[in-house]
Amino acid sequence: MSLFLYDNDPPRRRMTRRVLRGFDASAFAELRHRAGISVSDLARLSGASLSTIHHWEAGRRTPQVDILAAVMAVLNAPIESVVLIAAQERYPGDWRVLRGMTQPQLGAAAHIATSIVQRIERGEHPLSDSNAEVLSGVLGIPAGTYREAYQRARDRPAGAPS
């Protein structure tokens, strides 16, 4: 992935909006088939591109969170039906993805800087009681559940995605 947005831009890290964990392409394809909606219609109704839906179903790409949320709204199904991570294995970022939110959206809703949300999700920033309460409240989960997810992110093996 390029770190440059444009050739003349200074180097900076781009924030990803990709679902990095748990997206099940076959569950997504099966859900779409059960809904009886064509790839073409799903793309048109959700605003996603036709190739995006094809890439997801083929397992060549994982979705961006906000686009997945729009597609799942058309399918009238929760994101949890295609992002398959057991509750006891979820990290803070997984809870955010399941709610269809990007880090900037969660940060704005919680009145916490996006960079802090990002670092909390990676387990690199201390999780205060106040931040745990606010973030869990926005996500609609108990604060204890969020704290447990945060601890899993902190304890994950080196190199494992969060």
# chains A, B, ... in the order shown; residues from 1 in each chain; ligands from 1
>>> residues_around(residues="Thr62 in chain A", least_positions_apart="2", cutoff="10 Å", atoms="only C-alpha atoms", output="JSON, numbers by chain")
{"A": [17, 18, 19, 20, 21, 22, 23, 24, 25, 52, 53, 55, 56, 57, 58, 59, 60, 64, 65, 68]}
>>> write_last_selection(atoms="C-alpha atoms", output="mmCIF file, in the first residue's frame")
data_model
loop_
_atom_site.group_PDB
_atom_site.id
_atom_site.type_symbol
_atom_site.label_atom_id
_atom_site.label_comp_id
_atom_site.auth_asym_id
_atom_site.auth_seq_id
_atom_site.Cartn_x
_atom_site.Cartn_y
_atom_site.Cartn_z
ATOM 1 C CA ARG A 17 -11.031 1.432 6.384
ATOM 2 C CA ARG A 18 -10.719 -2.219 5.448
ATOM 3 C CA VAL A 19 -12.249 -5.070 7.393
ATOM 4 C CA LEU A 20 -9.060 -6.899 8.281
ATOM 5 C CA ARG A 21 -10.407 -9.711 10.412
ATOM 6 C CA GLY A 22 -13.213 -12.179 10.024
ATOM 7 C CA PHE A 23 -14.839 -11.249 6.710
ATOM 8 C CA ASP A 24 -16.251 -14.462 5.219
ATOM 9 C CA ALA A 25 -16.642 -14.172 1.448
ATOM 10 C CA THR A 52 -16.260 -4.342 -5.460
ATOM 11 C CA ILE A 53 -19.051 -6.849 -4.837
ATOM 12 C CA HIS A 55 -14.060 -8.989 -5.466
ATOM 13 C CA TRP A 56 -15.654 -9.534 -2.046
ATOM 14 C CA GLU A 57 -17.466 -12.678 -3.151
ATOM 15 C CA ALA A 58 -14.344 -14.063 -4.813
ATOM 16 C CA GLY A 59 -12.330 -13.417 -1.651
ATOM 17 C CA ARG A 60 -9.869 -11.184 -3.506
ATOM 18 C CA GLN A 64 -14.205 -1.084 3.577
ATOM 19 C CA VAL A 65 -16.312 -0.766 6.696
ATOM 20 C CA LEU A 68 -19.951 -2.932 3.812
#
>>> residues_around(residues="Leu50 in chain A", least_positions_apart="4", cutoff="8 Å", atoms="only C-alpha atoms", output="list in words")
Val39, Ser40, Ala43, Arg44 and His54 of chain A
>>> residues_around(residues="Asp155 in chain A", least_positions_apart="5", cutoff="10 Å", atoms="only C-alpha atoms", output="short mmCIF file (atom, residue, chain, number, x, y, z; two decimals) with all heavy atoms, in the first residue's frame")
data_model
loop_
_atom_site.label_atom_id
_atom_site.label_comp_id
_atom_site.auth_asym_id
_atom_site.auth_seq_id
_atom_site.Cartn_x
_atom_site.Cartn_y
_atom_site.Cartn_z
N GLY A 123 -4.24 -1.37 21.16
CA GLY A 123 -3.75 -1.66 22.50
C GLY A 123 -2.49 -0.90 22.84
O GLY A 123 -1.74 -1.31 23.72
N ALA A 149 -11.98 -6.66 25.41
CA ALA A 149 -11.51 -6.62 24.02
C ALA A 149 -10.19 -5.85 23.94
O ALA A 149 -9.27 -6.25 23.22
CB ALA A 149 -12.57 -5.98 23.12
N TYR A 150 -10.10 -4.75 24.68
CA TYR A 150 -8.88 -3.96 24.72
C TYR A 150 -7.72 -4.79 25.28
O TYR A 150 -6.62 -4.78 24.73
CB TYR A 150 -9.11 -2.71 25.58
CG TYR A 150 -7.85 -1.94 25.89
CD1 TYR A 150 -7.28 -1.10 24.94
CD2 TYR A 150 -7.23 -2.06 27.13
CE1 TYR A 150 -6.12 -0.40 25.23
CE2 TYR A 150 -6.08 -1.36 27.43
CZ TYR A 150 -5.52 -0.53 26.48
OH TYR A 150 -4.37 0.16 26.76
#
>>> residues_around(residues="Asp41 in chain A", least_positions_apart="4", cutoff="10 Å", atoms="only C-alpha atoms", output="VMD selection string")
chain A and resid 37 45 to 47 50 74
>>> closest_atom_pairs(of="range 4-119 of chain A", to="range 138-146 of chain A", cutoff="8 Å", atoms="only C-alpha atoms", output="JSON lines")
{"residue": "A:Pro92", "atom": "CA", "partner": "A:Tyr146", "partner_atom": "CA", "distance": 6.3}
{"residue": "A:Trp95", "atom": "CA", "partner": "A:Leu139", "partner_atom": "CA", "distance": 7.0}
{"residue": "A:Arg96", "atom": "CA", "partner": "A:Leu139", "partner_atom": "CA", "distance": 6.6}
{"residue": "A:Arg99", "atom": "CA", "partner": "A:Leu139", "partner_atom": "CA", "distance": 6.7}
{"residue": "A:Leu106", "atom": "CA", "partner": "A:Val138", "partner_atom": "CA", "distance": 7.4}
{"residue": "A:Ala109", "atom": "CA", "partner": "A:Val138", "partner_atom": "CA", "distance": 6.8}
{"residue": "A:Ala110", "atom": "CA", "partner": "A:Val138", "partner_atom": "CA", "distance": 6.6}
>>> write_last_selection(atoms="C-alpha atoms", output="short mmCIF file (atom, residue, chain, number, x, y, z; two decimals), in the first residue's frame")
data_model
loop_
_atom_site.label_atom_id
_atom_site.label_comp_id
_atom_site.auth_asym_id
_atom_site.auth_seq_id
_atom_site.Cartn_x
_atom_site.Cartn_y
_atom_site.Cartn_z
CA PRO A 92 -12.06 -3.10 20.06
CA TRP A 95 -16.73 -4.18 17.74
CA ARG A 96 -16.45 -0.96 15.72
CA ARG A 99 -21.37 -1.48 14.11
CA LEU A 106 -16.34 6.43 16.18
CA ALA A 109 -19.33 10.15 18.05
CA ALA A 110 -17.24 9.63 21.20
#
>>> select_by_dssp(residues="chain A", states="alpha helix (DSSP H)", output="VMD selection string")
chain A and resid 25 to 35 39 to 46 50 to 58 65 to 75 92 to 98 103 to 110 114 to 121 129 to 139 143 to 155
>>> closest_residue(among="A:His111, A:Ile85, A:Ala35, A:Asp94", to="Ala73 in chain A", atoms="only C-alpha atoms")
A:Ala35
>>> closest_residue(among="A:Met101, A:Tyr91, A:Arg61, A:Ala113", to="Arg154 in chain A", atoms="only C-alpha atoms")
A:Tyr91
